[in-house]
Amino acid sequence: MIGYAIVVICIIVWWVNAQFFKDSSSEQLTGDTQNVSMRSSVDEQITAYESRLITQPDHVPTMLVLASSYMQKVRETADVSFYNNVNDLTSRARLIEPNNPDIYGLEGEIALGRHNFEDALKLSEKAIGLNPAKALFYGIKADALTELGRNDEAIEVLQEMVDIRPDYSSYSRIAYARELNGDIPGAIEALEIAIQAGSTFPENIAFGYTELGKLDFRSDVTLAAKQFNKALLVIKDYPPALEGLGKVAFAQSNYNQAIEFFQKAFDFLPIAQYATDLGDVYFITGDKTKASQYYTLAKIAFDKSETAGVNSDMERAQFLAEHDLDLEQALELAKRSYAIRPSIYGADTLAWALYKNGDSKGAEQYSKQALRLGEHDPLIVYHAGVIAKANGQIQESERLLAKAKQLNPHFSILYNN
């Protein structure tokens, strides 16, 4: 499922694109890209533009390309401290060129990454006002609108974006919008177009194949594995693809192999999502001690991102509620998150936290909000089924629980056993 990850970075990974680099590199990578190191090209870009900035300290285009390189670095390492580097550069650039729309675009991307969606919306609108011809700004606006629960408006903005520039960035967003509305074949089609459109960075192509794998995983784990392996042909040891293969292995009851893939992903990128994957497998296979150890690592990862200024209230609430860890805190975080992030996932998180805290009637209200785009996300549908059962709606519960399995027989490590 695109967009319903526990970890902050994985939720926003497709937001940052390479449009800022189009003047500095003519290379476009497509689905035929050969295997590369994920971090080599962006590191070289950072080194080159840092050196140039030393000799040209007031050159705004250099500042902006370097800032975009740091944004790409966030994608590749999940190190959100790079947002501070971007902030420093955009602040300097703003003093020199206060009406440069790319400055507001970058600041909008940072706001997205830190889950400040109202700020992201305002910054994207400022950027569009200064340059209505740049597609990226519409992407930032659409992302913010989606997280704010304004999906119809987001789709309209995405149409403007794809009309301006039908590229990887626009079609990957179209794919996500289609998935949210249950059009899985359409989402797959859009991702395939995005991959063929190409990107400056191989990470984007690897991400595209990984998202294809997640969509295929709903109905065909073998095909999903092929997509994840295609991602690994683009970038060796790409953590999201390794995680995907871990989920395939778990679905095939190969638990040791699942642990190997999840552990490898975590070793390359020690973020909460992969720690949680490992904890869940160990929990299901009976090793409660190791499960607890990895859940602790997930908490540490959340702490680290929050220290860097990322609002991970929703993700932490999801994690705590799913694992029955400090349910009162889960509810507090879910309420706080929903107030500023009323997406279907925000509503589902609050519904589940209310249910886990014994308020099944209150949970029903937000469960319905989570299903307002339809019964498309298996985990949301599963939660709705459990909540319906708690409210005595037995037939509806049975229908929803069956629907969740129909949508994806392997939608959860915790709930499919």
# chains A, B, ... in the order shown; residues from 1 in each chain; ligands from 1
>>> residues_around(residues="stretch 304-311 of chain A", least_positions_apart="6", cutoff="7 Å", atoms="only C-alpha atoms", output="list of chain:residue names")
A:Val80, A:Ser81, A:Arg114, A:His115
>>> write_last_selection(atoms="N, CA, C and O atoms", output="PDB file, in the first residue's frame")
ATOM      1  N   VAL A  80      16.825  12.932   8.232  1.00  0.00           N
ATOM      2  CA  VAL A  80      16.073  14.172   8.070  1.00  0.00           C
ATOM      3  C   VAL A  80      16.829  15.389   8.586  1.00  0.00           C
ATOM      4  O   VAL A  80      16.358  16.524   8.437  1.00  0.00           O
ATOM      5  N   SER A  81      18.003  15.168   9.158  1.00  0.00           N
ATOM      6  CA  SER A  81      18.808  16.322   9.570  1.00  0.00           C
ATOM      7  C   SER A  81      19.257  17.145   8.367  1.00  0.00           C
ATOM      8  O   SER A  81      19.590  18.324   8.508  1.00  0.00           O
ATOM      9  N   ARG A 114       8.339  17.275   6.871  1.00  0.00           N
ATOM     10  CA  ARG A 114       8.161  17.404   8.320  1.00  0.00           C
ATOM     11  C   ARG A 114       6.690  17.287   8.733  1.00  0.00           C
ATOM     12  O   ARG A 114       6.358  17.433   9.900  1.00  0.00           O
ATOM     13  N   HIS A 115       5.819  17.030   7.752  1.00  0.00           N
ATOM     14  CA  HIS A 115       4.396  16.842   7.981  1.00  0.00           C
ATOM     15  C   HIS A 115       3.711  18.113   8.477  1.00  0.00           C
ATOM     16  O   HIS A 115       2.760  18.047   9.248  1.00  0.00           O
TER      17      HIS A 115
END
>>> residues_around(residues="A:Gly139", least_positions_apart="4", cutoff="10 Å", atoms="only C-alpha atoms", output="list in words")
Trp15, Val16, Asn17, Gly105, Glu109, Ser124, Lys134, Ala135, Asp143, Ala144, Leu145, Ala154, Val157, Leu158, Gln159, Glu160, Met161, Val162, Ser169, Ser170, Arg173 and Ile174 of chain A
>>> residues_around(residues="A:Gln329", least_positions_apart="4", cutoff="9 Å", atoms="only C-alpha atoms", output="list in words")
Ala317, Leu320, Ala321, Leu325, Leu333 and Ala334 of chain A
>>> residues_around(residues="stretch 294-299 of chain A", least_positions_apart="2", cutoff="6 Å", atoms="only C-alpha atoms", output="NGL selection string")
:A and (272 or 275-276 or 279 or 291-292 or 301-302)
>>> write_last_selection(atoms="N, CA and C atoms", output="short mmCIF file (atom, residue, chain, number, x, y, z; two decimals), in the first residue's frame")
data_model
loop_
_atom_site.label_atom_id
_atom_site.label_comp_id
_atom_site.auth_asym_id
_atom_site.auth_seq_id
_atom_site.Cartn_x
_atom_site.Cartn_y
_atom_site.Cartn_z
N ALA A 272 12.22 3.05 11.48
CA ALA A 272 11.22 2.38 12.32
C ALA A 272 10.47 1.29 11.56
N ALA A 275 12.49 -1.94 11.51
CA ALA A 275 12.56 -2.47 12.88
C ALA A 275 11.23 -3.11 13.26
N THR A 276 10.14 -2.47 12.86
CA THR A 276 8.81 -3.01 13.16
C THR A 276 8.56 -4.30 12.41
N GLY A 279 10.36 -6.92 14.31
CA GLY A 279 9.65 -7.20 15.55
C GLY A 279 8.40 -8.02 15.33
N ALA A 291 11.35 -9.58 19.57
CA ALA A 291 10.30 -8.67 19.11
C ALA A 291 10.35 -7.38 19.92
N SER A 292 10.45 -7.51 21.22
CA SER A 292 10.51 -6.33 22.09
C SER A 292 11.73 -5.48 21.79
N ALA A 301 13.88 5.21 16.60
CA ALA A 301 13.86 5.83 15.27
C ALA A 301 12.84 6.96 15.21
N PHE A 302 11.68 6.75 15.83
CA PHE A 302 10.69 7.82 15.89
C PHE A 302 11.24 9.02 16.65
#
>>> residues_around(residues="stretch 51-57 of chain A", least_positions_apart="4", cutoff="12 Å", atoms="only C-alpha atoms", output="ChimeraX atom specification")
/A:44-47,61-67,89,92-93,96
>>> select_by_dssp(residues="stretch 193-314 of chain A", states="helix (DSSP H, G or I)", output="CSV table (one decimal) with N, CA, C and O atoms, in the first residue's frame")
chain,number,residue,atom,x,y,z
A,193,ILE,N,4.2,4.1,-16.8
A,193,ILE,CA,4.5,5.3,-17.6
A,193,ILE,C,5.6,6.1,-16.9
A,193,ILE,O,6.5,6.6,-17.6
A,194,ALA,N,5.5,6.2,-15.6
A,194,ALA,CA,6.5,7.0,-14.8
A,194,ALA,C,7.9,6.5,-15.0
A,194,ALA,O,8.8,7.2,-15.2
A,195,ILE,N,8.0,5.2,-14.9
A,195,ILE,CA,9.3,4.5,-15.0
A,195,ILE,C,9.8,4.7,-16.4
A,195,ILE,O,11.0,5.0,-16.6
A,196,GLN,N,9.0,4.6,-17.4
A,196,GLN,CA,9.5,4.8,-18.8
A,196,GLN,C,9.8,6.2,-19.1
A,196,GLN,O,10.7,6.5,-19.9
A,197,ALA,N,9.2,7.2,-18.4
A,197,ALA,CA,9.5,8.6,-18.5
A,197,ALA,C,10.9,8.9,-18.1
A,197,ALA,O,11.5,9.8,-18.6
A,202,PRO,N,18.6,7.2,-10.2
A,202,PRO,CA,18.2,5.8,-10.3
A,202,PRO,C,17.3,5.5,-9.1
A,202,PRO,O,16.4,4.6,-9.2
A,203,GLU,N,17.4,6.1,-8.0
A,203,GLU,CA,16.5,5.8,-6.8
A,203,GLU,C,15.1,6.0,-7.2
A,203,GLU,O,14.2,5.2,-6.7
A,204,ASN,N,14.7,7.0,-8.0
A,204,ASN,CA,13.3,7.1,-8.4
A,204,ASN,C,12.8,5.9,-9.2
A,204,ASN,O,11.7,5.5,-9.0
A,205,ILE,N,13.7,5.4,-10.1
A,205,ILE,CA,13.2,4.2,-10.8
A,205,ILE,C,13.1,3.0,-9.9
A,205,ILE,O,12.1,2.2,-10.1
A,206,ALA,N,14.0,2.8,-9.0
A,206,ALA,CA,13.9,1.7,-8.1
A,206,ALA,C,12.7,1.8,-7.3
A,206,ALA,O,12.0,0.8,-7.0
A,207,PHE,N,12.4,3.1,-6.9
A,207,PHE,CA,11.2,3.3,-6.1
A,207,PHE,C,9.9,2.9,-6.9
A,207,PHE,O,9.0,2.3,-6.4
A,208,GLY,N,9.9,3.3,-8.2
A,208,GLY,CA,8.8,3.0,-9.0
A,208,GLY,C,8.5,1.5,-9.1
A,208,GLY,O,7.4,1.0,-9.0
A,209,TYR,N,9.6,0.7,-9.3
A,209,TYR,CA,9.5,-0.8,-9.4
A,209,TYR,C,9.0,-1.3,-8.0
A,209,TYR,O,8.2,-2.2,-8.0
A,210,THR,N,9.5,-0.7,-6.9
A,210,THR,CA,9.1,-1.2,-5.6
A,210,THR,C,7.6,-0.9,-5.4
A,210,THR,O,6.8,-1.8,-4.9
A,211,GLU,N,7.1,0.2,-5.8
A,211,GLU,CA,5.7,0.5,-5.7
A,211,GLU,C,4.8,-0.4,-6.6
A,211,GLU,O,3.7,-0.8,-6.2
A,212,LEU,N,5.4,-0.7,-7.8
A,212,LEU,CA,4.7,-1.7,-8.6
A,212,LEU,C,4.6,-3.0,-7.9
A,212,LEU,O,3.5,-3.7,-7.9
A,213,GLY,N,5.7,-3.4,-7.2
A,213,GLY,CA,5.7,-4.7,-6.4
A,213,GLY,C,4.6,-4.6,-5.3
A,213,GLY,O,3.9,-5.7,-5.1
A,214,LYS,N,4.5,-3.5,-4.7
A,214,LYS,CA,3.5,-3.4,-3.6
A,214,LYS,C,2.1,-3.6,-4.1
A,214,LYS,O,1.2,-4.2,-3.5
A,215,LEU,N,1.8,-3.0,-5.3
A,215,LEU,CA,0.5,-3.2,-5.9
A,215,LEU,C,0.3,-4.6,-6.4
A,215,LEU,O,-0.8,-5.2,-6.1
A,216,ASP,N,1.3,-5.2,-7.0
A,216,ASP,CA,1.1,-6.6,-7.4
A,216,ASP,C,1.0,-7.6,-6.2
A,216,ASP,O,0.4,-8.6,-6.3
A,221,VAL,N,2.0,-12.7,-5.4
A,221,VAL,CA,3.3,-12.5,-4.7
A,221,VAL,C,4.5,-12.8,-5.6
A,221,VAL,O,5.6,-12.2,-5.4
A,222,THR,N,4.3,-13.7,-6.5
A,222,THR,CA,5.4,-14.1,-7.4
A,222,THR,C,5.7,-12.9,-8.4
A,222,THR,O,6.9,-12.5,-8.6
A,223,LEU,N,4.7,-12.3,-8.9
A,223,LEU,CA,4.9,-11.1,-9.7
A,223,LEU,C,5.5,-10.0,-8.9
A,223,LEU,O,6.4,-9.2,-9.4
A,224,ALA,N,5.0,-9.8,-7.7
A,224,ALA,CA,5.5,-8.8,-6.8
A,224,ALA,C,7.0,-9.0,-6.6
A,224,ALA,O,7.8,-8.0,-6.7
A,225,ALA,N,7.5,-10.2,-6.4
A,225,ALA,CA,8.9,-10.5,-6.2
A,225,ALA,C,9.7,-10.1,-7.4
A,225,ALA,O,10.8,-9.5,-7.3
A,226,LYS,N,9.1,-10.3,-8.6
A,226,LYS,CA,9.9,-9.9,-9.8
A,226,LYS,C,10.0,-8.4,-9.8
A,226,LYS,O,11.1,-7.9,-10.3
A,227,GLN,N,9.0,-7.6,-9.4
A,227,GLN,CA,9.2,-6.2,-9.4
A,227,GLN,C,10.2,-5.7,-8.4
A,227,GLN,O,11.0,-4.8,-8.7
A,228,PHE,N,10.2,-6.3,-7.2
A,228,PHE,CA,11.2,-5.9,-6.2
A,228,PHE,C,12.6,-6.3,-6.7
A,228,PHE,O,13.5,-5.5,-6.5
A,229,ASN,N,12.7,-7.4,-7.4
A,229,ASN,CA,14.1,-7.7,-7.9
A,229,ASN,C,14.5,-6.8,-9.0
A,229,ASN,O,15.7,-6.5,-9.2
A,230,LYS,N,13.5,-6.3,-9.8
A,230,LYS,CA,13.9,-5.3,-10.8
A,230,LYS,C,14.4,-4.0,-10.1
A,230,LYS,O,15.4,-3.4,-10.6
A,231,ALA,N,13.8,-3.6,-9.0
A,231,ALA,CA,14.4,-2.5,-8.3
A,231,ALA,C,15.8,-2.7,-7.8
A,231,ALA,O,16.6,-1.8,-7.9
A,232,LEU,N,16.1,-4.0,-7.4
A,232,LEU,CA,17.4,-4.3,-7.0
A,232,LEU,C,18.4,-4.3,-8.1
A,232,LEU,O,19.6,-4.2,-7.9
A,233,LEU,N,17.9,-4.5,-9.4
A,233,LEU,CA,18.8,-4.4,-10.5
A,233,LEU,C,19.1,-3.0,-10.8
A,233,LEU,O,20.2,-2.7,-11.5
A,234,VAL,N,18.3,-2.1,-10.4
A,234,VAL,CA,18.6,-0.7,-10.6
A,234,VAL,C,19.5,-0.2,-9.5
A,234,VAL,O,20.5,0.5,-9.8
A,239,PRO,N,16.8,-0.7,0.1
A,239,PRO,CA,16.0,-1.1,1.3
A,239,PRO,C,14.5,-1.4,1.1
A,239,PRO,O,14.0,-2.4,1.5
A,240,PRO,N,13.8,-0.4,0.4
A,240,PRO,CA,12.4,-0.7,0.3
A,240,PRO,C,12.1,-2.0,-0.5
A,240,PRO,O,11.1,-2.7,-0.3
A,241,ALA,N,12.9,-2.3,-1.5
A,241,ALA,CA,12.8,-3.5,-2.3
A,241,ALA,C,13.1,-4.8,-1.4
A,241,ALA,O,12.5,-5.8,-1.5
A,242,LEU,N,14.1,-4.6,-0.6
A,242,LEU,CA,14.5,-5.7,0.3
A,242,LEU,C,13.3,-6.0,1.3
A,242,LEU,O,13.0,-7.1,1.6
A,243,GLU,N,12.7,-4.9,1.7
A,243,GLU,CA,11.5,-5.1,2.6
A,243,GLU,C,10.4,-5.8,1.9
A,243,GLU,O,9.7,-6.7,2.4
A,244,GLY,N,10.2,-5.4,0.6
A,244,GLY,CA,9.2,-6.1,-0.2
A,244,GLY,C,9.4,-7.6,-0.3
A,244,GLY,O,8.5,-8.4,-0.2
A,245,LEU,N,10.7,-7.9,-0.6
A,245,LEU,CA,11.0,-9.4,-0.7
A,245,LEU,C,10.8,-10.1,0.6
A,245,LEU,O,10.4,-11.3,0.7
A,246,GLY,N,11.1,-9.3,1.7
A,246,GLY,CA,10.8,-9.9,3.1
A,246,GLY,C,9.3,-10.2,3.2
A,246,GLY,O,8.9,-11.3,3.8
A,247,LYS,N,8.4,-9.3,2.8
A,247,LYS,CA,7.0,-9.6,2.9
A,247,LYS,C,6.6,-10.7,2.0
A,247,LYS,O,5.7,-11.5,2.3
A,248,VAL,N,7.2,-10.8,0.8
A,248,VAL,CA,6.9,-12.0,0.0
A,248,VAL,C,7.3,-13.3,0.7
A,248,VAL,O,6.5,-14.3,0.7
A,249,ALA,N,8.5,-13.3,1.2
A,249,ALA,CA,9.0,-14.5,1.9
A,249,ALA,C,8.0,-14.8,3.1
A,249,ALA,O,7.7,-16.0,3.3
A,250,PHE,N,7.6,-13.9,3.8
A,250,PHE,CA,6.7,-14.1,4.9
A,250,PHE,C,5.3,-14.7,4.4
A,250,PHE,O,4.8,-15.6,5.0
A,251,ALA,N,4.8,-14.1,3.3
A,251,ALA,CA,3.6,-14.6,2.8
A,251,ALA,C,3.7,-16.1,2.3
A,251,ALA,O,2.7,-16.8,2.3
A,255,TYR,N,9.8,-17.8,7.0
A,255,TYR,CA,10.1,-16.8,8.0
A,255,TYR,C,11.5,-16.5,8.2
A,255,TYR,O,11.9,-15.3,8.4
A,256,ASN,N,12.4,-17.5,8.1
A,256,ASN,CA,13.8,-17.2,8.2
A,256,ASN,C,14.3,-16.2,7.1
A,256,ASN,O,15.1,-15.3,7.3
A,257,GLN,N,13.8,-16.5,5.9
A,257,GLN,CA,14.2,-15.7,4.8
A,257,GLN,C,13.6,-14.3,4.9
A,257,GLN,O,14.3,-13.3,4.6
A,258,ALA,N,12.4,-14.2,5.4
A,258,ALA,CA,11.8,-12.9,5.7
A,258,ALA,C,12.7,-12.1,6.6
A,258,ALA,O,12.9,-10.9,6.4
A,259,ILE,N,13.1,-12.7,7.7
A,259,ILE,CA,14.0,-12.0,8.7
A,259,ILE,C,15.2,-11.6,8.0
A,259,ILE,O,15.7,-10.4,8.3
A,260,GLU,N,15.8,-12.4,7.2
A,260,GLU,CA,17.1,-12.0,6.5
A,260,GLU,C,16.9,-10.7,5.6
A,260,GLU,O,17.7,-9.8,5.7
A,261,PHE,N,15.8,-10.7,4.9
A,261,PHE,CA,15.5,-9.5,4.0
A,261,PHE,C,15.3,-8.3,4.9
A,261,PHE,O,15.8,-7.2,4.6
A,262,PHE,N,14.4,-8.4,5.9
A,262,PHE,CA,14.1,-7.3,6.8
A,262,PHE,C,15.4,-6.8,7.5
A,262,PHE,O,15.6,-5.6,7.6
A,263,GLN,N,16.2,-7.8,7.9
A,263,GLN,CA,17.4,-7.4,8.6
A,263,GLN,C,18.4,-6.6,7.7
A,263,GLN,O,19.0,-5.6,8.1
A,264,LYS,N,18.5,-7.1,6.5
A,264,LYS,CA,19.3,-6.4,5.5
A,264,LYS,C,18.8,-5.0,5.2
A,264,LYS,O,19.6,-4.1,5.2
A,265,ALA,N,17.5,-4.9,5.1
A,265,ALA,CA,17.0,-3.5,4.9
A,265,ALA,C,17.3,-2.6,6.1
A,265,ALA,O,17.7,-1.5,5.9
A,266,PHE,N,17.1,-3.2,7.3
A,266,PHE,CA,17.3,-2.4,8.5
A,266,PHE,C,18.8,-2.0,8.6
A,266,PHE,O,19.2,-0.9,9.0
A,267,ASP,N,19.7,-2.9,8.2
A,267,ASP,CA,21.1,-2.7,8.3
A,267,ASP,C,21.5,-1.5,7.4
A,267,ASP,O,22.4,-0.7,7.7
A,268,PHE,N,20.9,-1.4,6.2
A,268,PHE,CA,21.2,-0.4,5.3
A,268,PHE,C,20.5,0.9,5.7
A,268,PHE,O,21.0,2.0,5.4
A,272,ALA,N,12.2,3.1,11.5
A,272,ALA,CA,11.2,2.4,12.3
A,272,ALA,C,10.5,1.3,11.6
A,272,ALA,O,10.1,0.3,12.1
A,273,GLN,N,10.2,1.5,10.3
A,273,GLN,CA,9.4,0.5,9.5
A,273,GLN,C,10.1,-0.8,9.5
A,273,GLN,O,9.4,-1.8,9.7
A,274,TYR,N,11.4,-0.8,9.2
A,274,TYR,CA,12.1,-2.1,9.1
A,274,TYR,C,12.3,-2.8,10.5
A,274,TYR,O,12.2,-4.0,10.6
A,275,ALA,N,12.5,-1.9,11.5
A,275,ALA,CA,12.6,-2.5,12.9
A,275,ALA,C,11.2,-3.1,13.3
A,275,ALA,O,11.2,-4.2,13.9
A,276,THR,N,10.1,-2.5,12.9
A,276,THR,CA,8.8,-3.0,13.2
A,276,THR,C,8.6,-4.3,12.4
A,276,THR,O,8.0,-5.3,13.0
A,277,ASP,N,9.0,-4.4,11.1
A,277,ASP,CA,8.8,-5.6,10.4
A,277,ASP,C,9.5,-6.8,11.1
A,277,ASP,O,8.9,-7.8,11.3
A,278,LEU,N,10.7,-6.5,11.6
A,278,LEU,CA,11.5,-7.6,12.3
A,278,LEU,C,10.8,-7.9,13.6
A,278,LEU,O,10.6,-9.1,13.9
A,279,GLY,N,10.4,-6.9,14.3
A,279,GLY,CA,9.7,-7.2,15.6
A,279,GLY,C,8.4,-8.0,15.3
A,279,GLY,O,8.1,-9.0,16.1
A,280,ASP,N,7.7,-7.7,14.3
A,280,ASP,CA,6.4,-8.4,14.0
A,280,ASP,C,6.7,-9.9,13.6
A,280,ASP,O,6.0,-10.8,14.1
A,281,VAL,N,7.7,-10.2,12.8
A,281,VAL,CA,8.0,-11.5,12.5
A,281,VAL,C,8.5,-12.3,13.7
A,281,VAL,O,8.0,-13.5,13.9
A,282,TYR,N,9.3,-11.7,14.5
A,282,TYR,CA,9.7,-12.4,15.7
A,282,TYR,C,8.6,-12.6,16.7
A,282,TYR,O,8.5,-13.7,17.3
A,283,PHE,N,7.7,-11.7,16.7
A,283,PHE,CA,6.5,-11.8,17.6
A,283,PHE,C,5.6,-13.0,17.1
A,283,PHE,O,5.2,-13.9,17.9
A,284,ILE,N,5.4,-13.1,15.8
A,284,ILE,CA,4.5,-14.1,15.2
A,284,ILE,C,5.2,-15.5,15.4
A,284,ILE,O,4.5,-16.5,15.6
A,288,LYS,N,9.4,-13.5,21.7
A,288,LYS,CA,8.9,-12.2,22.2
A,288,LYS,C,10.0,-11.3,22.7
A,288,LYS,O,9.9,-10.0,22.6
A,289,THR,N,11.2,-11.9,23.1
A,289,THR,CA,12.3,-11.0,23.5
A,289,THR,C,12.9,-10.2,22.4
A,289,THR,O,13.1,-9.0,22.5
A,290,LYS,N,13.1,-10.9,21.2
A,290,LYS,CA,13.6,-10.2,20.1
A,290,LYS,C,12.6,-9.2,19.5
A,290,LYS,O,13.0,-8.1,19.1
A,291,ALA,N,11.3,-9.6,19.6
A,291,ALA,CA,10.3,-8.7,19.1
A,291,ALA,C,10.3,-7.4,19.9
A,291,ALA,O,10.3,-6.3,19.4
A,292,SER,N,10.4,-7.5,21.2
A,292,SER,CA,10.5,-6.3,22.1
A,292,SER,C,11.7,-5.5,21.8
A,292,SER,O,11.7,-4.2,21.8
A,293,GLN,N,12.8,-6.1,21.5
A,293,GLN,CA,14.1,-5.4,21.2
A,293,GLN,C,13.9,-4.5,19.9
A,293,GLN,O,14.3,-3.4,19.9
A,294,TYR,N,13.3,-5.1,18.9
A,294,TYR,CA,13.1,-4.3,17.7
A,294,TYR,C,12.0,-3.3,17.8
A,294,TYR,O,12.1,-2.2,17.2
A,295,TYR,N,11.0,-3.5,18.6
A,295,TYR,CA,10.0,-2.5,18.8
A,295,TYR,C,10.7,-1.3,19.6
A,295,TYR,O,10.3,-0.1,19.3
A,296,THR,N,11.6,-1.6,20.5
A,296,THR,CA,12.3,-0.5,21.1
A,296,THR,C,13.2,0.3,20.1
A,296,THR,O,13.2,1.5,20.2
A,297,LEU,N,13.8,-0.4,19.2
A,297,LEU,CA,14.5,0.3,18.1
A,297,LEU,C,13.6,1.2,17.3
A,297,LEU,O,14.0,2.2,16.8
A,298,ALA,N,12.4,0.7,17.0
A,298,ALA,CA,11.4,1.5,16.3
A,298,ALA,C,11.1,2.8,17.0
A,298,ALA,O,11.1,3.9,16.4
A,299,LYS,N,10.9,2.7,18.3
A,299,LYS,CA,10.7,3.9,19.1
A,299,LYS,C,11.8,4.9,19.1
A,299,LYS,O,11.6,6.1,19.0
A,300,ILE,N,13.0,4.3,19.1
A,300,ILE,CA,14.2,5.2,19.0
A,300,ILE,C,14.3,5.9,17.7
A,300,ILE,O,14.6,7.1,17.6
A,301,ALA,N,13.9,5.2,16.6
A,301,ALA,CA,13.9,5.8,15.3
A,301,ALA,C,12.8,7.0,15.2
A,301,ALA,O,13.1,8.0,14.6
A,302,PHE,N,11.7,6.7,15.8
A,302,PHE,CA,10.7,7.8,15.9
A,302,PHE,C,11.2,9.0,16.7
A,302,PHE,O,11.1,10.2,16.2
A,303,ASP,N,11.9,8.7,17.8
A,303,ASP,CA,12.5,9.8,18.6
A,303,ASP,C,13.5,10.7,17.7
A,303,ASP,O,13.5,11.9,17.8
A,304,LYS,N,14.3,9.9,17.0
A,304,LYS,CA,15.3,10.6,16.2
A,304,LYS,C,14.7,11.5,15.1
A,304,LYS,O,15.1,12.7,14.9
A,305,SER,N,13.6,11.1,14.5
A,305,SER,CA,13.0,11.9,13.4
A,305,SER,C,12.3,13.1,14.1
A,305,SER,O,12.3,14.2,13.5
A,306,GLU,N,11.7,12.9,15.2
A,306,GLU,CA,11.0,14.0,15.9
A,306,GLU,C,12.0,15.1,16.4
A,306,GLU,O,11.8,16.3,16.3
A,307,THR,N,13.2,14.6,16.8
A,307,THR,CA,14.2,15.5,17.3
A,307,THR,C,14.7,16.4,16.1
A,307,THR,O,15.1,17.6,16.3
A,313,ASP,N,3.5,12.1,14.7
A,313,ASP,CA,2.4,11.7,15.7
A,313,ASP,C,1.6,10.6,15.1
A,313,ASP,O,1.2,9.6,15.8
A,314,MET,N,1.2,10.7,13.8
A,314,MET,CA,0.3,9.7,13.3
A,314,MET,C,1.0,8.3,13.2
A,314,MET,O,0.5,7.3,13.5
>>> closest_residue(among="A:Tyr138, A:Ile103, A:Ile340, A:Ala404", to="A:Asn116", atoms="only C-alpha atoms")
A:Ile340
>>> atom_distance(atom1="atom CA of A:Pro270", atom2="atom CA of A:Lys236")
16.8 Å
>>> residues_around(residues="A:Arg94", least_positions_apart="4", cutoff="12 Å", atoms="only C-alpha atoms", output="PyMOL selection string")
chain A and resi 58-61+63-64+87-90+98-107
>>> residues_around(residues="stretch 368-382 of chain A", least_positions_apart="4", cutoff="9 Å", atoms="only C-alpha atoms", output="JSON, numbers by chain")
{"A": [1, 151, 179, 180, 181, 182, 183, 343, 344, 345, 346, 347, 348, 349, 351, 363, 364, 386, 387, 397, 400, 401, 402, 403, 404, 405, 406, 407, 408, 409, 411, 412, 415]}
>>> closest_residue(among="A:Asp119, A:Glu328, A:Glu147, A:Thr200", to="A:Ser41", atoms="only C-alpha atoms")
A:Thr200
>>> closest_residue(among="A:Val42, A:Glu97, A:Ala48, A:Tyr366", to="A:Val74", atoms="only C-alpha atoms")
A:Val42
>>> atom_distance(atom1="atom CA of A:His323", atom2="atom CA of A:Ser337")
18.5 Å
>>> closest_residue(among="A:Ser360, A:Tyr338, A:Asn416, A:Gly186", to="A:Gly392", atoms="only C-alpha atoms")
A:Ser360
>>> atom_distance(atom1="atom CA of A:Gly358", atom2="atom CA of A:Ser312")
23.7 Å
>>> decode(residues="stretch 231-242 of chain A", atoms="N, CA and C atoms", output="short mmCIF file (atom, residue, chain, number, x, y, z; two decimals), in the first residue's frame")
data_model
loop_
_atom_site.label_atom_id
_atom_site.label_comp_id
_atom_site.auth_asym_id
_atom_site.auth_seq_id
_atom_site.Cartn_x
_atom_site.Cartn_y
_atom_site.Cartn_z
N ALA A 231 13.84 -3.65 -9.01
CA ALA A 231 14.35 -2.50 -8.27
C ALA A 231 15.79 -2.74 -7.83
N LEU A 232 16.08 -3.97 -7.41
CA LEU A 232 17.44 -4.29 -6.97
C LEU A 232 18.42 -4.34 -8.14
N LEU A 233 17.92 -4.54 -9.35
CA LEU A 233 18.78 -4.45 -10.53
C LEU A 233 19.15 -3.00 -10.83
N VAL A 234 18.30 -2.09 -10.41
CA VAL A 234 18.58 -0.66 -10.59
C VAL A 234 19.53 -0.17 -9.50
N ILE A 235 19.21 -0.51 -8.26
CA ILE A 235 20.04 -0.12 -7.11
C ILE A 235 20.27 -1.34 -6.24
N LYS A 236 21.50 -1.72 -6.13
CA LYS A 236 21.85 -2.87 -5.30
C LYS A 236 21.48 -2.59 -3.85
N ASP A 237 20.85 -3.57 -3.21
CA ASP A 237 20.50 -3.49 -1.79
C ASP A 237 19.59 -2.30 -1.48
N TYR A 238 18.65 -2.01 -2.37
CA TYR A 238 17.69 -0.93 -2.15
C TYR A 238 16.74 -1.34 -1.03
N PRO A 239 16.77 -0.66 0.12
CA PRO A 239 16.04 -1.14 1.29
C PRO A 239 14.54 -1.36 1.08
N PRO A 240 13.78 -0.45 0.43
CA PRO A 240 12.35 -0.72 0.26
C PRO A 240 12.08 -2.00 -0.54
N ALA A 241 12.94 -2.30 -1.51
CA ALA A 241 12.76 -3.54 -2.28
C ALA A 241 13.10 -4.76 -1.43
N LEU A 242 14.12 -4.63 -0.60
CA LEU A 242 14.46 -5.73 0.32
C LEU A 242 13.30 -5.99 1.27
#
